[in-house]
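Colleague: File name structure.cif; file contents mmCIF, C-alpha atoms; full text below.
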```cif
data_run
loop_
_atom_site.group_PDB
_atom_site.id
_atom_site.type_symbol
_atom_site.label_atom_id
_atom_site.label_comp_id
_atom_site.auth_asym_id
_atom_site.auth_seq_id
_atom_site.Cartn_x
_atom_site.Cartn_y
_atom_site.Cartn_z
ATOM 1 C CA MET A 1 5.166 -0.245 -48.998
ATOM 2 C CA SER A 2 5.417 -3.998 -49.228
ATOM 3 C CA VAL A 3 2.483 -6.349 -48.731
ATOM 4 C CA GLN A 4 4.093 -7.600 -45.521
ATOM 5 C CA GLU A 5 4.438 -4.058 -44.128
ATOM 6 C CA ARG A 6 0.827 -3.291 -45.021
ATOM 7 C CA LYS A 7 -0.381 -6.449 -43.267
ATOM 8 C CA GLN A 8 1.656 -5.603 -40.183
ATOM 9 C CA ARG A 9 0.224 -2.085 -40.123
ATOM 10 C CA GLU A 10 -3.319 -3.404 -40.518
ATOM 11 C CA ARG A 11 -2.735 -5.929 -37.732
ATOM 12 C CA ALA A 12 -1.426 -3.199 -35.406
ATOM 13 C CA GLU A 13 -4.445 -1.019 -36.244
ATOM 14 C CA ARG A 14 -6.835 -3.893 -35.481
ATOM 15 C CA GLU A 15 -5.071 -4.492 -32.178
ATOM 16 C CA ARG A 16 -5.374 -0.800 -31.238
ATOM 17 C CA LEU A 17 -9.060 -0.925 -32.162
ATOM 18 C CA ILE A 18 -9.649 -3.973 -29.958
ATOM 19 C CA VAL A 19 -7.902 -2.351 -26.977
ATOM 20 C CA ALA A 20 -9.651 0.999 -27.466
ATOM 21 C CA THR A 21 -13.039 -0.684 -27.800
ATOM 22 C CA ALA A 22 -12.479 -2.852 -24.720
ATOM 23 C CA ARG A 23 -11.416 0.186 -22.755
ATOM 24 C CA GLU A 24 -14.410 2.232 -23.899
ATOM 25 C CA LEU A 25 -16.833 -0.572 -23.108
ATOM 26 C CA ALA A 26 -15.256 -1.149 -19.680
ATOM 27 C CA GLU A 27 -15.401 2.562 -18.838
ATOM 28 C CA GLN A 28 -19.061 2.737 -19.887
ATOM 29 C CA GLN A 29 -20.406 -0.547 -18.504
ATOM 30 C CA GLY A 30 -17.681 -2.173 -16.413
ATOM 31 C CA TRP A 31 -15.335 -5.033 -17.143
ATOM 32 C CA ASP A 32 -18.097 -7.645 -16.864
ATOM 33 C CA ALA A 33 -19.557 -6.199 -20.067
ATOM 34 C CA VAL A 34 -16.305 -6.813 -21.950
ATOM 35 C CA THR A 35 -16.640 -10.167 -23.665
ATOM 36 C CA THR A 36 -14.963 -11.423 -26.804
ATOM 37 C CA ARG A 37 -18.373 -11.770 -28.451
ATOM 38 C CA ARG A 38 -19.356 -8.184 -27.659
ATOM 39 C CA LEU A 39 -15.942 -6.878 -28.734
ATOM 40 C CA ALA A 40 -16.120 -8.794 -32.006
ATOM 41 C CA GLU A 41 -19.551 -7.300 -32.703
ATOM 42 C CA ARG A 42 -18.419 -3.765 -31.874
ATOM 43 C CA ILE A 43 -15.264 -3.847 -33.990
ATOM 44 C CA GLU A 44 -17.050 -5.749 -36.773
ATOM 45 C CA TYR A 45 -14.583 -8.597 -36.922
ATOM 46 C CA SER A 46 -15.145 -12.248 -36.119
ATOM 47 C CA GLN A 47 -14.156 -13.730 -32.769
ATOM 48 C CA PRO A 48 -11.375 -15.781 -34.428
ATOM 49 C CA VAL A 49 -9.822 -12.510 -35.647
ATOM 50 C CA LEU A 50 -9.968 -11.175 -32.112
ATOM 51 C CA TYR A 51 -8.356 -14.381 -30.813
ATOM 52 C CA SER A 52 -5.587 -14.006 -33.390
ATOM 53 C CA HIS A 53 -4.535 -10.892 -31.431
ATOM 54 C CA PHE A 54 -5.374 -11.862 -27.845
ATOM 55 C CA ARG A 55 -5.910 -15.282 -26.295
ATOM 56 C CA GLY A 56 -8.774 -13.917 -24.246
ATOM 57 C CA LYS A 57 -10.076 -11.226 -21.958
ATOM 58 C CA ARG A 58 -7.114 -11.528 -19.584
ATOM 59 C CA GLU A 59 -4.673 -10.447 -22.295
ATOM 60 C CA ILE A 60 -6.979 -7.621 -23.340
ATOM 61 C CA ILE A 61 -7.061 -6.396 -19.730
ATOM 62 C CA GLY A 62 -3.247 -6.578 -19.731
ATOM 63 C CA ALA A 63 -3.055 -4.500 -22.908
ATOM 64 C CA VAL A 64 -5.383 -1.873 -21.415
ATOM 65 C CA ALA A 65 -3.263 -1.869 -18.246
ATOM 66 C CA LEU A 66 -0.049 -1.276 -20.197
ATOM 67 C CA GLN A 67 -1.639 1.564 -22.124
ATOM 68 C CA GLY A 68 -2.970 3.013 -18.881
ATOM 69 C CA ALA A 69 0.409 2.759 -17.160
ATOM 70 C CA SER A 70 1.975 4.798 -19.947
ATOM 71 C CA GLU A 71 -0.751 7.427 -19.699
ATOM 72 C CA MET A 72 -0.495 7.570 -15.915
ATOM 73 C CA ALA A 73 3.283 8.066 -16.085
ATOM 74 C CA VAL A 74 2.846 10.927 -18.545
ATOM 75 C CA ALA A 75 0.163 12.544 -16.352
ATOM 76 C CA MET A 76 2.278 12.320 -13.194
ATOM 77 C CA ARG A 77 5.394 13.701 -14.882
ATOM 78 C CA ALA A 78 3.432 16.527 -16.474
ATOM 79 C CA ALA A 79 1.971 17.462 -13.093
ATOM 80 C CA THR A 80 5.303 17.464 -11.291
ATOM 81 C CA VAL A 81 7.390 19.246 -13.913
ATOM 82 C CA ALA A 82 5.501 22.506 -13.402
ATOM 83 C CA ALA A 83 5.624 22.368 -9.608
ATOM 84 C CA ASP A 84 8.149 24.439 -7.700
ATOM 85 C CA GLY A 85 9.854 22.709 -4.794
ATOM 86 C CA PRO A 86 9.624 19.213 -3.277
ATOM 87 C CA ARG A 87 6.341 19.727 -1.400
ATOM 88 C CA ALA A 88 4.611 21.151 -4.464
ATOM 89 C CA ARG A 89 5.937 18.300 -6.626
ATOM 90 C CA VAL A 90 4.758 15.588 -4.228
ATOM 91 C CA THR A 91 1.353 17.259 -3.862
ATOM 92 C CA ALA A 92 1.042 17.560 -7.649
ATOM 93 C CA LEU A 93 2.037 13.911 -8.034
ATOM 94 C CA ALA A 94 -0.584 12.766 -5.517
ATOM 95 C CA ARG A 95 -3.289 14.885 -7.125
ATOM 96 C CA ALA A 96 -2.415 13.627 -10.609
ATOM 97 C CA TYR A 97 -2.469 10.007 -9.445
ATOM 98 C CA LEU A 98 -5.839 10.362 -7.707
ATOM 99 C CA ALA A 99 -7.301 12.308 -10.637
ATOM 100 C CA PHE A 100 -6.200 9.600 -13.077
ATOM 101 C CA ALA A 101 -7.813 6.907 -10.923
ATOM 102 C CA GLU A 102 -11.041 8.915 -10.751
ATOM 103 C CA ARG A 103 -11.185 9.791 -14.469
ATOM 104 C CA HIS A 104 -10.300 6.296 -15.709
ATOM 105 C CA PRO A 105 -11.765 3.766 -13.270
ATOM 106 C CA ALA A 106 -11.771 0.825 -15.700
ATOM 107 C CA VAL A 107 -8.164 1.474 -16.680
ATOM 108 C CA TYR A 108 -7.234 1.806 -13.010
ATOM 109 C CA ASP A 109 -8.933 -1.535 -12.335
ATOM 110 C CA ALA A 110 -7.034 -3.113 -15.225
ATOM 111 C CA LEU A 111 -3.807 -1.798 -13.728
ATOM 112 C CA PHE A 112 -4.320 -2.691 -10.081
ATOM 113 C CA GLN A 113 -7.425 -4.778 -9.452
ATOM 114 C CA LEU A 114 -7.839 -7.268 -12.302
ATOM 115 C CA ASP A 115 -5.660 -10.089 -13.548
ATOM 116 C CA GLY A 116 -4.148 -8.968 -16.821
ATOM 117 C CA GLY A 117 -1.408 -11.592 -16.710
ATOM 118 C CA LEU A 118 1.281 -8.986 -16.060
ATOM 119 C CA ALA A 119 4.250 -9.360 -13.729
ATOM 120 C CA TYR A 120 4.673 -6.566 -11.199
ATOM 121 C CA ALA A 121 7.882 -5.769 -9.306
ATOM 122 C CA GLN A 122 9.878 -8.470 -11.051
ATOM 123 C CA GLU A 123 12.613 -8.742 -13.653
ATOM 124 C CA ASP A 124 10.096 -9.428 -16.417
ATOM 125 C CA THR A 125 7.796 -6.550 -15.512
ATOM 126 C CA PRO A 126 6.769 -4.821 -18.752
ATOM 127 C CA GLU A 127 8.401 -1.441 -19.393
ATOM 128 C CA PRO A 128 5.209 0.667 -19.130
ATOM 129 C CA LEU A 129 4.669 -0.629 -15.578
ATOM 130 C CA LYS A 130 8.299 0.023 -14.674
ATOM 131 C CA ASP A 131 8.017 3.513 -16.135
ATOM 132 C CA ALA A 132 4.885 4.330 -14.126
ATOM 133 C CA PHE A 133 6.710 3.301 -10.954
ATOM 134 C CA ALA A 134 9.738 5.311 -12.088
ATOM 135 C CA ALA A 135 7.513 8.395 -12.446
ATOM 136 C CA LEU A 136 6.566 7.999 -8.784
ATOM 137 C CA LEU A 137 10.139 7.261 -7.714
ATOM 138 C CA GLU A 138 11.602 10.275 -9.552
ATOM 139 C CA CYS A 139 9.487 12.611 -7.488
ATOM 140 C CA LEU A 140 9.369 10.747 -4.184
ATOM 141 C CA SER A 141 13.031 9.805 -3.863
ATOM 142 C CA GLU A 142 13.882 13.397 -2.916
ATOM 143 C CA VAL A 143 11.505 13.296 0.078
ATOM 144 C CA ALA A 144 12.070 9.754 1.355
ATOM 145 C CA GLY A 145 14.167 10.894 4.284
ATOM 146 C CA ASP A 146 17.594 9.936 5.572
ATOM 147 C CA GLY A 147 18.207 6.221 5.892
ATOM 148 C CA VAL A 148 15.043 5.293 3.993
ATOM 149 C CA ARG A 149 15.369 3.411 0.724
ATOM 150 C CA PRO A 150 13.625 5.557 -1.925
ATOM 151 C CA GLU A 151 12.041 2.467 -3.538
ATOM 152 C CA LEU A 152 10.543 1.366 -0.219
ATOM 153 C CA PHE A 153 9.242 4.859 0.517
ATOM 154 C CA THR A 154 7.760 5.062 -2.989
ATOM 155 C CA GLU A 155 5.984 1.734 -2.528
ATOM 156 C CA THR A 156 4.532 2.921 0.781
ATOM 157 C CA PHE A 157 3.406 6.272 -0.611
ATOM 158 C CA TRP A 158 1.948 4.557 -3.681
ATOM 159 C CA ALA A 159 0.064 2.087 -1.449
ATOM 160 C CA SER A 160 -1.396 5.036 0.431
ATOM 161 C CA LEU A 161 -2.506 6.706 -2.807
ATOM 162 C CA HIS A 162 -3.991 3.437 -4.016
ATOM 163 C CA GLY A 163 -5.898 3.057 -0.763
ATOM 164 C CA LEU A 164 -7.276 6.578 -1.027
ATOM 165 C CA ALA A 165 -8.286 6.075 -4.653
ATOM 166 C CA THR A 166 -9.911 2.703 -4.033
ATOM 167 C CA LEU A 167 -11.718 3.594 -0.817
ATOM 168 C CA THR A 168 -13.012 6.882 -2.210
ATOM 169 C CA ARG A 169 -14.314 5.214 -5.346
ATOM 170 C CA ALA A 170 -16.008 2.494 -3.300
ATOM 171 C CA GLY A 171 -17.803 5.151 -1.253
ATOM 172 C CA ARG A 172 -15.916 4.225 1.919
ATOM 173 C CA LEU A 173 -14.359 7.682 2.150
ATOM 174 C CA PRO A 174 -16.294 10.882 1.431
ATOM 175 C CA PRO A 175 -14.965 12.478 -1.771
ATOM 176 C CA GLN A 176 -15.235 16.030 -0.435
ATOM 177 C CA ASP A 177 -12.263 15.341 1.872
ATOM 178 C CA THR A 178 -9.909 14.084 -0.868
ATOM 179 C CA GLU A 179 -7.856 17.281 -0.931
ATOM 180 C CA ARG A 180 -7.408 17.295 2.853
ATOM 181 C CA ARG A 181 -6.378 13.625 2.812
ATOM 182 C CA THR A 182 -3.846 14.425 0.087
ATOM 183 C CA GLU A 183 -2.391 17.244 2.183
ATOM 184 C CA LEU A 184 -2.172 14.972 5.249
ATOM 185 C CA LEU A 185 -0.449 12.269 3.257
ATOM 186 C CA VAL A 186 2.126 14.707 1.891
ATOM 187 C CA ASP A 187 2.667 16.452 5.235
ATOM 188 C CA ARG A 188 2.947 13.306 7.357
ATOM 189 C CA LEU A 189 4.719 10.878 5.059
ATOM 190 C CA ALA A 190 7.167 12.982 3.079
ATOM 191 C CA THR A 191 10.267 14.533 4.612
ATOM 192 C CA LEU A 192 10.042 18.077 3.317
#
```
Could you take the file, read its structure, and then write that structure out as structure tokens?
Modeller:
Amino acid sequence: MSVQERKQRERAERERLIVATARELAEQQGWDAVTTRRLAERIEYSQPVLYSHFRGKREIIGAVALQGASEMAVAMRAATVAADGPRARVTALARAYLAFAERHPAVYDALFQLDGGLAYAQEDTPEPLKDAFAALLECLSEVAGDGVRPELFTETFWASLHGLATLTRAGRLPPQDTERRTELLVDRLATL
């Protein structure tokens, strides 16, 4: 291995450490606790080293969001692949989405609530974000209904899931009714 390859590998490892540490800190204490000073202390590197990877917290949030989008896409596809029939697939998709939001609130915030400097629904949208939307679209396009653009239906269904996830987490909706809300969403929105 050349010196250049070793340096690149070490740089990539440091970057993964920064993102993992930011994510862990955000999940434990919230995003307000994630500062470059605190991250530098936790990873035992100086702040200038941290800034050599990310220009600031915004880019770190973006990196966590991209990682989270990839994980969410995998979770949704894994949930739907085992389901038998359109209704079961859509229900599994909704459950997987809501479960991800509940299990990873800081990552979910990085994806959908905070400014990570990422472009959504545009030509320059990063691939992990496009793939997460594609995971929704793959399942939902089969239940969009006649004359309904699958992308538009997917956006509407996704917005509904996001609303359920956000309102439940904020204590605006009682969590014990999550399953019933999921069933209503599937039954009323999807053409099965």
Colleague: Using all atoms listed in the file, give me every residue within 9 Å of (-14.5, 1.6, -32.3) in file coordinates, as a list in words.
Modeller: Leu17, Ile18, Ala20, Thr21, Glu24, Arg42, Ile43 and Glu44 of chain A
Colleague: Which of these, A:Ala33, A:Ala69, A:Ala165, A:Val186, has the shortest distance to Thr125 (chain A) once you count all atoms listed in the file?
Modeller: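 Among the listed residues, the smallest separation from Thr125 (chain A) belongs to A:Ala69.
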Colleague: Which residue gives the smallest distance to Arg55 (chain A) among A:Val90, A:Ser70, A:Gly116, A:Thr166, with all atoms listed in the file counted?
Modeller: A:Gly116
Colleague: With all atoms listed in the file as the basis for distance, which of A:Leu164, A:Leu50, A:Ala26, A:Ala78 is at the shortest distance from Arg11 (chain A)?
Modeller: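 Comparing A:Leu164, A:Leu50, A:Ala26, A:Ala78 against Arg11 (chain A), the winner is A:Leu50.
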Colleague: Here's the selection I'm unsure about, the PyMOL selection byres ((chain A and resi 93) around 8); applied to the file above, which residues does it give, as a PyMOL selection string?
Modeller: chain A and resi 76-77+79-80+89-92+94-97+136+139
